[in-house]
Structure formats: C-alpha cells, structure tokens
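**Q** Have a peek at start-v4.txt (compact mmCIF, C-alpha atoms and all ligand atoms).
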```
# COMPACT_ATOMS: atom_id res chain seq x y z
CA MET S 1 0.00 0.00 0.00
CA ARG S 2 1.62 3.27 -1.11
CA LEU S 3 -0.68 5.83 0.34
CA ARG S 4 -0.19 6.71 3.92
CA ALA S 5 -2.82 8.84 5.56
CA PRO S 6 -1.59 11.59 7.87
CA GLU S 7 -0.88 10.34 11.36
CA SER S 8 -3.12 11.62 14.06
CA GLY S 9 -3.39 11.18 17.78
CA ARG S 10 -0.55 8.69 18.26
CA CYS S 11 2.91 10.05 18.86
CA ALA S 12 5.98 8.02 19.51
CA ALA S 13 8.45 10.77 18.72
CA PHE S 14 9.98 12.63 21.63
CA HIS S 15 12.80 14.73 20.34
CA ARG S 16 15.94 15.37 22.32
CA TRP S 17 17.87 18.55 21.75
CA ASP S 18 21.20 18.07 20.16
CA SER S 19 24.01 20.20 21.47
CA ALA S 20 26.25 19.27 18.55
CA ALA S 21 23.88 20.73 15.95
CA VAL S 22 25.18 23.43 13.65
CA GLY S 23 24.45 27.03 14.53
CA THR S 24 24.04 29.75 11.94
CA PRO S 25 25.99 32.84 12.94
CA HIS S 26 27.34 34.87 10.03
CA PRO S 27 30.92 33.84 9.35
CA SER S 28 32.23 37.28 8.48
CA SER S 29 31.82 38.31 12.09
CA VAL S 30 33.08 35.08 13.67
CA ALA S 31 36.17 34.17 11.70
CA TRP S 32 37.89 32.81 14.79
CA ARG S 33 34.88 31.37 16.49
CA THR S 34 33.27 27.99 15.94
CA ALA S 35 29.76 28.34 14.59
CA ASP S 36 28.25 27.20 17.87
CA GLY S 37 29.95 30.18 19.48
CA THR S 38 32.91 28.35 21.05
CA ARG S 39 36.17 30.21 20.61
CA LEU S 40 39.02 28.26 19.08
CA ALA S 41 41.84 27.73 21.62
CA ARG S 42 44.29 30.60 22.01
CA LYS S 43 47.99 29.88 22.06
CA GLU S 44 48.56 32.83 24.31
CA SER S 45 46.49 35.72 25.50
CA GLY S 46 46.63 39.13 23.86
CA ASP S 47 45.61 40.06 20.34
CA ASN S 48 46.94 36.98 18.63
CA PRO S 49 44.31 35.06 16.67
CA PRO S 50 43.20 31.90 18.49
CA VAL S 51 44.62 28.58 17.37
CA ALA S 52 42.42 25.57 16.67
CA LYS S 53 43.20 22.53 18.77
CA VAL S 54 44.09 20.05 16.07
CA GLU S 55 43.88 17.18 18.52
CA SER S 56 40.18 17.88 19.27
CA PRO S 57 37.99 14.80 18.78
CA THR S 58 35.81 14.50 15.71
CA ASP S 59 32.90 12.22 14.95
CA PRO S 60 32.76 11.44 11.22
CA VAL S 61 29.78 9.08 11.63
CA ARG S 62 27.72 11.90 13.15
CA ILE S 63 28.14 13.91 9.96
CA GLY S 64 27.14 10.98 7.75
CA TRP S 65 30.62 9.75 6.78
CA ARG S 66 30.80 6.06 5.84
CA GLY S 67 33.79 3.76 5.72
CA ALA S 68 37.45 4.28 6.54
CA LEU S 69 38.81 7.77 7.01
CA PRO S 70 40.75 9.27 4.10
CA PRO S 71 44.49 9.77 4.69
CA LEU S 72 44.92 12.91 6.83
CA HIS S 73 48.11 14.76 7.74
CA GLY S 74 48.73 16.10 11.23
CA THR S 75 46.86 19.39 10.87
CA GLN S 76 44.08 18.00 8.70
CA ARG S 77 40.52 17.15 9.66
CA LEU S 78 37.62 15.49 7.88
CA ALA S 79 34.57 17.78 7.98
CA ARG S 80 31.33 18.36 6.14
CA VAL S 81 30.15 21.58 4.54
CA SER S 82 27.11 22.71 6.49
CA ALA S 83 26.58 26.16 4.96
CA GLN S 84 27.99 28.47 2.34
CA HIS S 85 27.98 32.23 2.71
CA ARG S 86 29.48 35.02 0.67
CA ALA S 87 32.27 35.29 3.23
CA GLY S 88 33.15 31.59 3.21
CA TYR S 89 31.97 28.21 4.37
CA GLU S 90 30.74 26.76 7.61
CA VAL S 91 31.80 23.16 8.23
CA HIS S 92 31.12 20.56 10.91
CA ASP S 93 33.49 17.80 12.01
CA GLY S 94 30.90 15.92 14.03
CA ALA S 95 32.04 17.47 17.28
CA ARG S 96 31.78 21.15 16.46
CA ALA S 97 31.06 23.63 13.70
CA PHE S 98 33.51 26.29 12.52
CA ASN S 99 34.19 28.55 9.60
CA ALA S 100 36.56 27.71 6.78
CA GLN S 101 37.82 29.39 3.66
CA PRO S 102 38.16 27.64 0.30
CA ALA S 103 41.72 27.02 -0.92
CA PRO S 104 42.63 29.51 -3.69
CA ARG S 105 42.28 26.90 -6.44
CA PHE S 106 38.51 26.72 -5.78
CA LEU S 107 38.27 30.46 -6.47
CA LYS S 108 39.96 30.32 -9.86
CA ARG S 109 37.97 31.77 -12.73
CA GLY S 110 36.76 29.23 -15.23
CA ILE S 111 36.47 26.39 -12.71
CA ASP S 112 33.23 24.41 -13.09
CA PRO S 113 31.04 25.66 -10.21
CA ALA S 114 30.06 22.03 -9.57
CA GLU S 115 33.69 21.37 -8.54
CA ARG S 116 33.60 23.92 -5.76
CA PRO S 117 32.66 22.79 -2.25
CA ALA S 118 28.89 22.54 -1.82
CA VAL S 119 26.65 21.94 1.16
CA GLY S 120 26.80 18.24 2.04
CA ASP S 121 30.33 17.79 0.69
CA PHE S 122 32.88 15.92 2.77
CA VAL S 123 36.05 17.99 2.75
CA ILE S 124 39.55 17.91 4.12
CA ILE S 125 40.27 20.94 6.26
CA ASP S 126 43.72 22.24 7.07
CA LEU S 127 43.65 23.75 10.55
CA PRO S 128 45.98 26.45 11.81
CA THR S 129 48.49 25.34 14.43
CA GLU S 130 50.31 28.55 15.20
CA ALA S 131 49.06 31.99 16.01
CA GLY S 132 49.15 33.98 12.81
CA ASP S 133 48.53 30.94 10.61
CA ALA S 134 45.85 31.15 7.96
CA PRO S 135 42.34 30.31 9.25
CA PRO S 136 40.96 26.80 8.56
CA HIS S 137 41.02 26.04 4.84
CA ILE S 138 39.14 23.55 2.68
CA VAL S 139 41.98 21.91 0.79
CA GLU S 140 40.11 19.05 -0.84
CA VAL S 141 36.57 18.03 -1.74
CA LEU S 142 36.25 14.25 -1.39
CA PRO S 143 34.55 12.34 -4.21
CA ARG S 144 30.78 12.64 -3.98
CA ARG S 145 28.64 9.53 -3.76
CA GLY S 146 26.00 11.56 -5.58
CA ALA S 147 24.55 15.05 -5.68
CA LEU S 148 21.27 16.74 -6.42
CA THR S 149 21.93 19.23 -9.20
CA ARG S 150 19.99 21.52 -11.46
CA ALA S 151 20.99 23.69 -14.37
CA ALA S 152 21.82 27.21 -13.24
CA ALA S 153 19.45 29.94 -14.36
CA GLY S 154 20.74 32.21 -17.12
CA GLU S 155 21.95 32.04 -20.69
CA ARG S 156 25.20 30.13 -20.20
CA TYR S 157 25.03 26.45 -19.40
CA GLY S 158 26.11 25.61 -15.87
CA ARG S 159 25.25 23.08 -13.21
CA GLN S 160 24.45 24.04 -9.67
CA VAL S 161 24.83 21.55 -6.84
CA ILE S 162 21.84 21.80 -4.51
CA ALA S 163 23.17 19.23 -2.04
CA ALA S 164 25.92 16.60 -2.13
CA ASN S 165 26.11 13.09 -0.68
CA ILE S 166 22.43 12.72 0.04
CA ASP S 167 20.38 9.56 0.57
CA VAL S 168 16.85 10.94 0.63
CA VAL S 169 15.18 13.91 -1.04
CA LEU S 170 11.97 15.02 0.64
CA VAL S 171 9.96 17.00 -1.91
CA LEU S 172 7.57 19.25 0.00
CA MET S 173 4.37 20.49 -1.60
CA GLY S 174 1.75 22.51 0.27
CA LEU S 175 -1.78 21.12 0.25
CA ASP S 176 -3.03 24.71 0.46
CA GLY S 177 -1.64 25.27 -3.04
CA ARG S 178 -2.58 27.59 -5.85
CA PRO S 179 -4.76 28.58 -7.68
CA ASN S 180 -7.08 27.43 -4.90
CA SER S 181 -6.77 25.23 -1.85
CA ARG S 182 -7.82 22.18 -3.86
CA SER S 183 -5.11 21.95 -6.47
CA ILE S 184 -1.87 20.04 -6.53
CA ASN S 185 0.76 20.27 -9.26
CA PRO S 186 1.77 16.78 -10.39
CA ALA S 187 3.94 18.19 -13.20
CA ARG S 188 6.09 19.91 -10.58
CA ALA S 189 6.49 16.60 -8.75
CA GLU S 190 7.50 14.92 -12.03
CA ARG S 191 10.14 17.56 -12.65
CA TYR S 192 11.57 17.00 -9.17
CA LEU S 193 11.61 13.24 -9.71
CA ALA S 194 13.47 13.70 -13.00
CA LEU S 195 16.12 15.83 -11.27
CA ILE S 196 16.42 13.48 -8.30
CA GLU S 197 17.05 10.41 -10.52
CA GLY S 198 20.68 11.37 -11.09
CA SER S 199 21.38 12.03 -7.41
CA HIS S 200 21.26 8.34 -6.37
CA ALA S 201 18.90 9.38 -3.57
CA GLN S 202 15.43 8.14 -2.78
CA ALA S 203 12.66 10.59 -3.65
CA VAL S 204 9.80 10.99 -1.18
CA ILE S 205 6.85 13.29 -1.85
CA VAL S 206 5.57 15.02 1.27
CA LEU S 207 2.35 17.01 1.18
CA THR S 208 2.39 19.59 3.97
CA LYS S 209 -0.29 21.58 5.79
CA SER S 210 -2.71 18.65 6.01
CA ASP S 211 -4.14 20.38 9.08
CA LYS S 212 -5.17 23.40 7.02
CA VAL S 213 -7.39 21.57 4.54
CA GLU S 214 -10.27 19.07 4.66
CA ALA S 215 -9.27 15.44 5.17
CA GLU S 216 -11.19 14.55 2.04
CA TRP S 217 -8.93 16.81 -0.06
CA VAL S 218 -5.83 15.28 1.52
CA ASP S 219 -6.97 11.85 0.32
CA GLU S 220 -7.87 13.18 -3.10
CA ALA S 221 -4.49 14.91 -3.54
CA LEU S 222 -2.68 11.71 -2.56
CA GLN S 223 -4.82 9.74 -5.05
CA GLN S 224 -4.14 12.25 -7.84
CA LEU S 225 -0.40 12.04 -7.32
CA ALA S 226 -0.45 8.26 -6.97
CA ALA S 227 -2.25 8.00 -10.31
CA ARG S 228 0.30 10.23 -12.03
CA LEU S 229 3.68 9.31 -10.51
CA PRO S 230 5.59 6.05 -11.02
CA ALA S 231 4.32 3.16 -8.92
CA GLY S 232 6.26 2.87 -5.68
CA THR S 233 6.92 6.59 -5.22
CA PRO S 234 6.43 7.13 -1.47
CA LEU S 235 3.74 9.71 -0.71
CA HIS S 236 2.90 11.18 2.68
CA ALA S 237 0.73 13.96 3.99
CA ILE S 238 1.78 15.75 7.18
CA ASN S 239 1.23 18.70 9.43
CA GLY S 240 4.80 19.94 9.55
CA LYS S 241 4.18 21.76 12.82
CA ASP S 242 3.21 18.62 14.69
CA ALA S 243 5.90 16.17 15.89
CA CYS S 244 3.38 13.31 15.97
CA SER S 245 2.36 13.85 12.36
CA VAL S 246 5.98 14.28 11.24
CA ALA S 247 6.89 10.93 12.84
CA VAL S 248 5.79 9.19 9.60
CA LEU S 249 9.12 10.39 8.17
CA ASP S 250 11.23 8.77 10.91
CA GLY S 251 11.90 5.74 8.72
CA TYR S 252 13.75 7.96 6.23
CA LEU S 253 15.81 9.74 8.89
CA LYS S 254 17.79 6.93 10.47
CA PRO S 255 21.28 7.56 11.94
CA GLY S 256 23.91 8.21 9.30
CA VAL S 257 21.37 9.13 6.61
CA THR S 258 21.45 12.52 4.90
CA ALA S 259 18.16 13.97 3.71
CA VAL S 260 17.52 17.22 1.86
CA LEU S 261 14.28 19.19 1.84
CA VAL S 262 13.26 20.81 -1.43
CA GLY S 263 10.11 22.59 -2.54
CA SER S 264 8.68 25.99 -3.35
CA SER S 265 9.03 28.87 -0.94
CA GLY S 266 6.37 28.60 1.73
CA ALA S 267 5.95 24.82 1.35
CA GLY S 268 7.10 24.39 4.95
CA LYS S 269 10.71 23.16 4.67
CA SER S 270 12.03 25.18 7.60
CA THR S 271 8.91 24.45 9.66
CA LEU S 272 9.50 20.71 9.20
CA THR S 273 13.21 21.19 9.94
CA ASN S 274 12.38 22.86 13.25
CA THR S 275 9.90 20.17 14.23
CA LEU S 276 12.46 17.45 13.47
CA LEU S 277 15.10 19.37 15.44
CA GLY S 278 12.78 19.92 18.38
CA GLU S 279 13.59 23.63 18.43
CA ALA S 280 13.02 26.69 16.26
CA ARG S 281 16.49 27.03 14.71
CA MET S 282 15.46 28.04 11.18
CA ALA S 283 13.46 31.20 10.52
CA THR S 284 9.99 30.66 9.06
CA ALA S 285 7.46 33.17 7.78
CA ALA S 286 3.80 33.16 6.90
CA THR S 287 2.97 33.00 3.20
CA ARG S 288 1.60 36.15 1.59
CA ALA S 289 -2.09 36.58 2.27
CA SER S 290 -2.72 37.84 -1.29
CA ASP S 291 -1.58 34.73 -3.19
CA ASP S 292 -0.31 32.24 -0.60
CA ARG S 293 3.22 32.33 -2.02
CA GLY S 294 6.21 32.08 0.27
CA ARG S 295 8.49 34.99 1.06
CA HIS S 296 11.82 33.28 0.37
CA THR S 297 12.60 33.29 4.07
CA THR S 298 15.48 30.79 3.89
CA THR S 299 18.29 32.29 1.86
CA HIS S 300 21.08 29.73 2.35
CA ARG S 301 21.22 25.98 2.37
CA ALA S 302 21.98 24.64 5.85
CA LEU S 303 22.96 21.17 7.00
CA LEU S 304 21.78 20.35 10.51
CA LEU S 305 22.34 17.37 12.76
CA LEU S 306 19.00 15.88 13.81
CA PRO S 307 18.46 14.25 17.21
CA SER S 308 17.62 11.04 15.29
CA GLY S 309 21.27 10.82 14.17
CA ALA S 310 20.46 11.82 10.59
CA CYS S 311 21.69 14.95 8.79
CA LEU S 312 19.09 17.25 7.27
CA ILE S 313 19.65 19.95 4.67
CA ASP S 314 17.13 22.81 4.57
CA THR S 315 17.16 24.75 1.30
CA PRO S 316 15.72 28.03 0.02
CA GLY S 317 12.58 27.71 -2.09
CA MET S 318 13.47 27.21 -5.74
CA ARG S 319 11.51 28.91 -8.50
CA GLU S 320 13.30 27.39 -11.44
CA LEU S 321 14.18 23.72 -11.74
CA LYS S 322 15.89 23.47 -15.10
CA LEU S 323 16.99 19.99 -16.16
CA THR S 324 20.75 19.48 -16.57
CA GLY S 325 20.50 17.39 -19.73
CA GLU S 326 21.85 14.28 -18.02
CA GLU S 327 18.48 12.97 -16.83
CA GLY S 328 17.26 9.56 -17.91
CA LEU S 329 13.61 10.61 -17.43
CA ASP S 330 12.90 7.26 -15.78
CA VAL S 331 9.81 8.91 -14.37
CA PHE S 332 8.37 8.34 -17.87
CA ALA S 333 9.93 4.92 -18.48
CA ASP S 334 6.50 3.45 -19.30
CA ILE S 335 6.04 5.95 -22.15
CA ASP S 336 9.46 5.05 -23.56
CA ALA S 337 8.44 1.38 -23.37
CA LEU S 338 5.17 2.12 -25.19
CA ALA S 339 7.07 4.02 -27.90
CA THR S 340 9.08 0.92 -28.76
CA ARG S 341 5.80 -0.59 -29.95
CA CYS S 342 5.04 2.25 -32.42
CA ARG S 343 5.15 1.14 -36.07
CA PHE S 344 7.87 3.63 -36.98
CA ALA S 345 11.07 3.75 -35.00
CA ASP S 346 11.16 7.56 -35.28
CA CYS S 347 7.46 8.00 -34.50
CA GLY S 348 6.71 11.52 -33.24
CA HIS S 349 3.50 10.22 -31.59
CA GLY S 350 1.45 12.75 -33.59
CA ASN S 351 -0.73 11.50 -36.41
CA GLU S 352 1.51 8.62 -37.53
CA PRO S 353 -0.31 5.37 -38.21
CA GLY S 354 0.36 2.55 -35.79
CA CYS S 355 1.35 4.88 -32.90
CA ALA S 356 1.19 2.86 -29.67
CA VAL S 357 1.41 5.99 -27.51
CA ARG S 358 -1.62 7.64 -29.14
CA ALA S 359 -3.49 4.34 -28.94
CA ALA S 360 -2.79 4.16 -25.19
CA ILE S 361 -4.07 7.74 -24.73
CA ASP S 362 -7.22 6.96 -26.77
CA ALA S 363 -7.81 3.82 -24.72
CA GLY S 364 -7.54 5.84 -21.49
CA GLU S 365 -4.42 3.91 -20.42
CA LEU S 366 -2.09 6.91 -20.62
CA ASP S 367 -2.96 10.30 -19.19
CA ALA S 368 -2.85 12.92 -21.98
CA ALA S 369 -1.59 15.66 -19.61
CA ARG S 370 1.20 13.39 -18.43
CA PHE S 371 2.20 12.67 -22.04
CA THR S 372 2.23 16.40 -22.85
CA HIS S 373 4.51 17.01 -19.87
CA TYR S 374 6.77 14.17 -20.95
CA LEU S 375 7.16 15.84 -24.37
CA LYS S 376 8.01 19.14 -22.68
CA LEU S 377 10.63 17.66 -20.37
CA ASP S 378 12.05 15.48 -23.15
CA SER S 379 12.55 18.51 -25.38
CA GLU S 380 14.07 20.55 -22.53
CA ARG S 381 16.43 17.70 -21.75
CA GLY S 382 17.43 17.55 -25.45
CA GLN S 383 18.28 21.27 -25.49
CA GLN S 384 20.21 20.99 -22.27
CA THR S 385 22.16 17.95 -23.48
CA GLU S 386 23.20 19.98 -26.54
CA ALA S 387 24.24 22.91 -24.35
CA LEU S 388 26.23 20.58 -22.09
CA GLU S 389 27.98 18.92 -25.03
CA ALA S 390 28.80 22.30 -26.56
CA GLN S 391 30.31 23.42 -23.25
CA LEU S 392 32.39 20.24 -22.92
CA HIS S 393 33.58 20.70 -26.52
CA ARG S 394 34.58 24.34 -25.86
CA LYS S 395 36.49 23.30 -22.74
CA ALA S 396 38.28 20.48 -24.56
CA GLN S 397 39.28 22.89 -27.35
CA ALA S 398 40.52 25.46 -24.85
CA LYS S 399 42.66 22.76 -23.20
CA VAL S 400 44.19 21.74 -26.55
CA GLN S 401 44.95 25.39 -27.35
CA THR S 402 46.57 25.99 -23.96
CA ARG S 403 48.71 22.88 -24.36
CA ALA S 404 49.78 23.95 -27.87
CA LEU S 405 50.67 27.45 -26.65
CA ARG S 406 52.73 26.05 -23.77
CA GLN S 407 54.60 23.83 -26.19
CA LEU S 408 55.22 26.79 -28.50
CA TYR S 409 56.71 28.87 -25.65
CA ARG S 410 58.88 25.93 -24.53
CA ASP S 411 60.15 25.45 -28.09
CA ARG S 412 60.95 29.18 -28.36
CA GLU S 413 62.82 29.16 -25.04
CA ARG S 414 64.92 26.24 -26.21
CA LYS S 415 65.94 28.05 -29.42
N1 LIG U 1 -0.72 24.87 9.43
C1 LIG U 1 0.46 24.58 8.90
N2 LIG U 1 1.28 25.58 8.57
C2 LIG U 1 2.48 25.25 8.04
C3 LIG U 1 2.87 23.92 7.80
N3 LIG U 1 4.10 23.94 7.24
C4 LIG U 1 4.45 25.22 7.14
N4 LIG U 1 3.48 26.02 7.62
C5 LIG U 1 3.46 27.49 7.63
O1 LIG U 1 3.77 27.93 6.32
C6 LIG U 1 4.55 29.12 6.35
C7 LIG U 1 5.82 28.92 5.52
O2 LIG U 1 6.61 27.93 6.15
P1 LIG U 1 8.21 27.90 6.04
O3 LIG U 1 8.65 26.73 6.83
O4 LIG U 1 8.80 29.22 6.32
O5 LIG U 1 8.37 27.59 4.47
P2 LIG U 1 9.72 27.29 3.67
O6 LIG U 1 9.42 26.18 2.73
O7 LIG U 1 10.85 27.10 4.58
O8 LIG U 1 9.87 28.64 2.83
P3 LIG U 1 11.22 29.34 2.26
O9 LIG U 1 12.23 29.39 3.35
O10 LIG U 1 10.75 30.69 1.85
O11 LIG U 1 11.65 28.50 1.08
C8 LIG U 1 4.82 29.39 7.82
O12 LIG U 1 3.87 30.34 8.27
C9 LIG U 1 4.56 28.07 8.51
O13 LIG U 1 4.11 28.21 9.84
C10 LIG U 1 1.96 22.88 8.14
O14 LIG U 1 2.19 21.68 7.92
N5 LIG U 1 0.78 23.27 8.70
MG MG U 2 12.64 28.07 4.78
ZN ZN U 3 4.18 6.76 -31.61
```
How does this structure look as structure tokens?
Ligand SMILES: Nc1nc2c(ncn2[C@@H]2O[C@H](COP(=O)(O)OP(=O)(O)OP(=O)(O)O)[C@@H](O)[C@H]2O)c(=O)[nH]1
Ligand SMILES: [Mg+2]
Ligand SMILES: [Zn+2]
**A**
Amino acid sequence: MRLRAPESGRCAAFHRWDSAAVGTPHPSSVAWRTADGTRLARKESGDNPPVAKVESPTDPVRIGWRGALPPLHGTQRLARVSAQHRAGYEVHDGARAFNAQPAPRFLKRGIDPAERPAVGDFVIIDLPTEAGDAPPHIVEVLPRRGALTRAAAGERYGRQVIAANIDVVLVLMGLDGRPNSRSINPARAERYLALIEGSHAQAVIVLTKSDKVEAEWVDEALQQLAARLPAGTPLHAINGKDACSVAVLDGYLKPGVTAVLVGSSGAGKSTLTNTLLGEARMATAATRASDDRGRHTTTHRALLLLPSGACLIDTPGMRELKLTGEEGLDVFADIDALATRCRFADCGHGNEPGCAVRAAIDAGELDAARFTHYLKLDSERGQQTEALEAQLHRKAQAKVQTRALRQLYRDRERK
C-alpha cells in the first residue's frame, strides 16, 4: 500500500535537543569562532588570533561519513560543509562547527562551479596550528557519492549543486496550493523526480499543511499524485508543525542518513526542519495573504544534525528547476516502453499510423496531460544535453589550445 494517511493522535516521537547541531551565525563576524559560538583555543592571550586545537575529537559518523577515514596529515581534519555564505563556508566535524575558507584553487575563474565545495560535501580541512597561521582552509573536496543538481538559471550552461552526498530527497508540496486550496501540481512533482534520478537518492513526496485543509482533499491529492507518478513513489501527507504527524518520516531519517528538503518557498521546509530538530532554529514566515506564495525566508542551504542521528539539509525555495541534460527521465519509463511498440522507429507520436502511444491515450491507459509534460521535459532535456555537449567541446578545445601554446613557448625558449 503506497498511500499513507496523515498520522493523528498517536505520537511516539519525543525529540531530544542536540548540542552538537550546527548554529548559523554569520561567518564574516566570527572568523575565529566555531559556529556554535565556542572560541578556538588561544595559544597565548593578547591580540593573537586563536589557534584551533588540532587534537580535538571529531565524529565522522555523526556527519554521515561512511567507511574508513581518508588519509589525513597532522593538521588536517575530515569535515562536512554545512553552509555556504558570501564570506566563506561553515563546516562541521561531528564534534563542532567552525568557519573555513576555500583554498585559492577553488576560487579560480573558469572552474566548473560544480567542482567547488557545496553543502553536504565531505572535505579535508587544514587547521591552523600557530598563532598567525591562515584560518581553517578547505583543501580538498572528497569524491561525492551523488549530488542533487539543477541547471543554473541564465543564458550560459552551468550546473548548480543543490546538495551533495544525500540519501533521501523530501519534496515538499503545500496542500493549500494555488490557484485554490484544492489543487496540486503533479507536473512539478514529475520535474523534481526527473532531477532526483541522477542524485542516487530516494525521492519521497511530502504534502504539507494537512491540518489546514479538509481530510477529504488530503486523500484526493494523494490519489491524484499516486495516479500520475511512477508506482512505488512514497507519498505522505503531514502537518509539519506537529511532531506526531511528522513521525511518519522517521523511517527515512535513520542515523547516518542525509536527507535534503526541497520545494517551493512557503511549502514548509524550515517548519518541518524545526519540528524534526525539536527547536526553532530556522526562521519561518507566513505566506503572503494575497496569493499564498512564500516569502523566500530561507536564503542559504543549511545542514543540521538531527536528534535522530540523521543529517538534514534545509534549502531556500526554488523557482526554477531546469533539467541538466543528463536525466534519464525514468519517471516516464513506461512511455518510452510504449514508444518501442510504435510502427515507426522515429514515431513523433502525432498522427503517424500505428502509434502505440496515441493508442494508449485513446484507450484511457495513458494520461494525456502526463504525455504532454513528458514531451516538454524530453525537449528541454534535449536542449540541455546539446548545451552541455557544446560546453564540454569548448572546454576540450581550450585545453588543446593551452597545451599547444605552452609547447610553443617551450620550443621558443629552447631556441
Ligand atoms: N498549518 C500549517 N502551517 C504550516 C505547515 N508547514 C508550514 N506552515 C506554515 O507555512 C509558512 C511557511 O513555512 P516555512 O517553513 O517558512 O516555508 P519554507 O518552505 O521554509 O519557505 P522558504 O524558506 O521561503 O523557502 C509558515 O507560516 C509556517 O508556519 C503545516 O504543515 N501546517
Ligand atoms: Mg525556509
Ligand atoms: Zn508513436
């Protein structure tokens, strides 16, 4: 049974507060403070900058690290990127949070933004040992086991990492949606599922604000999504403000797991985060009375350590979810399978004779709106694949040119 009705009455979840959770002070003002406010150890009193205790214990499992530790030199630490600000990064080593700067090579122009440290990345940090040393630096981003990415907005092709090394993506959609309180947007859910495919994470659709609408509409919205999304897609409806209701998500938030919350502004990501934390750490704000849209309250992604032992990444509401061009569109795998039965291999599923896709629509076996959305996403993916290939080609050419120029200069020097 896929559909799970919102929990009511019963509550097994009593949340402990977690002292190791990441705080969110602005790094520009706390360069020599850990993010939870603890000062790094001072070598001596006076105006010297404090020195981090390199021997301080860390807890890689608490930040979702799996397996053996990577090789680390004396002053190095394994940590995880918990936030990114204009002034630098905030990282957590499982025992404490502190600020870190990216090594200069991450700031080079022309570097693929996807190669820069992103929230959820496991990184190697070089800590200062002496007063006057550089502050903690991210010297390496460890290979990702997956990442949720989207194409960056704008003319030029680029990929933006939303969250790295994640196991679960909770897609939040408000049941009090637009244009009225009885509408849900299955196409939006399909777009999310298409993007999540490449992340190697499990997608879970979570309908929020079940307490604000009639129970009958909650059931109907779940049915509508179940009819439209691939069989087996987990669907839940919750009141994000209520710990009992939110307990249906416990199974996805086991120790060591990293989950990310995505969804439009106002969907209730930070509200759910706070309920799972057991304290109001993230700011939330009421949606606009005029049109029920969110106010883009969360402005930075933030990784937090949940009392359950899981890591949770809260994200700002995203307006645009452009495909990267690398999607398999498995969310429409059944339509691809149908297409193999069309009479012509290059069938456009328009008026061609022997079209199995059209036949399925006519027979009521394939939803026409779903097929239309498939065509839209398929064409967007095609355009994005072309843009990606063109970018890779340009980069490869630039590399060849640079190599040739270097050779030319070397030859000249030798003469
Ligand atoms: N009644 C009810 N209100 C909710 C629920 N979830 C969120 N809200 C309210 O919806 C409003 C928006 O919630 P936020 O948690 O700020 O939304 P968000 O997704 O974090 O929004 P951004 O940070 O702008 O992306 C707040 O007023 C919340 O109190 C819910 O399940 N039930
Ligand atoms: Mg928020
Ligand atoms: Zn066809």
**Q** As an exercise, work out the distance from atom CA of S:Arg281 to atom CA of S:Asn99 in Å and give it to one decimal place.
**A**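 Separating atom CA of S:Arg281 from atom CA of S:Asn99 is a distance of 18.5 Å.
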**Q** Quick one: contact table of chain S to ligand MG 2 (chain U), 8 Å max, nearest atom pair and distance in Å to one decimal per residue, counting all atoms listed in the file, chain and number order, as a tab-separated table?
**A**
```
residue	atom	partner	partner_atom	distance
S:Ser265	CA	U:MG2	MG	6.8
S:Gly266	CA	U:MG2	MG	7.0
S:Gly268	CA	U:MG2	MG	6.7
S:Lys269	CA	U:MG2	MG	5.3
S:Ser270	CA	U:MG2	MG	4.1
S:Thr271	CA	U:MG2	MG	7.1
S:Met282	CA	U:MG2	MG	7.0
S:Ala283	CA	U:MG2	MG	6.6
S:Thr284	CA	U:MG2	MG	5.7
S:Ala285	CA	U:MG2	MG	7.9
S:His296	CA	U:MG2	MG	6.9
S:Thr297	CA	U:MG2	MG	5.3
S:Thr298	CA	U:MG2	MG	4.0
S:Thr299	CA	U:MG2	MG	7.6
S:Asp314	CA	U:MG2	MG	6.9
S:Thr315	CA	U:MG2	MG	6.6
S:Pro316	CA	U:MG2	MG	5.7
S:Gly317	CA	U:MG2	MG	6.9
```
**Q** Would you pick out the contacts of stretch 83-89 of chain S at 6 Å or less, using all atoms listed in the file, so that residues sharing its chain but fewer than 3 positions from it are not included, and give the list as a tab-separated table (two decimals) with C-alpha atoms, keeping the file's coordinate frame?
**A**
```
chain	number	residue	atom	x	y	z
S	28	SER	CA	32.23	37.28	8.48
S	99	ASN	CA	34.19	28.55	9.60
S	100	ALA	CA	36.56	27.71	6.78
S	101	GLN	CA	37.82	29.39	3.66
S	119	VAL	CA	26.65	21.94	1.16
S	301	ARG	CA	21.22	25.98	2.37
S	302	ALA	CA	21.98	24.64	5.85
```
**Q** Which is closest to ligand LIG 1 (chain U) among S:Ala164, S:Ala310, S:Leu175, S:Leu375, if we use all atoms listed in the file?
**A**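 Under the stated criterion, the closest residue is S:Leu175.
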**Q** Show me, as CSV, the residues of chain S having an atom within 9 Å of ligand ZN 3 (chain U), each with the closest atom pair and its distance in Å, using all atoms listed in the file.
**A**
```
residue,atom,partner,partner_atom,distance
S:Leu338,CA,U:ZN3,ZN,8.0
S:Ala339,CA,U:ZN3,ZN,5.4
S:Thr340,CA,U:ZN3,ZN,8.1
S:Arg341,CA,U:ZN3,ZN,7.7
S:Cys342,CA,U:ZN3,ZN,4.7
S:Arg343,CA,U:ZN3,ZN,7.2
S:Phe344,CA,U:ZN3,ZN,7.2
S:Ala345,CA,U:ZN3,ZN,8.2
S:Asp346,CA,U:ZN3,ZN,7.9
S:Cys347,CA,U:ZN3,ZN,4.5
S:Gly348,CA,U:ZN3,ZN,5.6
S:His349,CA,U:ZN3,ZN,3.5
S:Gly350,CA,U:ZN3,ZN,6.9
S:Asn351,CA,U:ZN3,ZN,8.3
S:Glu352,CA,U:ZN3,ZN,6.8
S:Pro353,CA,U:ZN3,ZN,8.1
S:Gly354,CA,U:ZN3,ZN,7.1
S:Cys355,CA,U:ZN3,ZN,3.6
S:Ala356,CA,U:ZN3,ZN,5.3
S:Val357,CA,U:ZN3,ZN,5.0
S:Arg358,CA,U:ZN3,ZN,6.4
S:Ala359,CA,U:ZN3,ZN,8.5
```
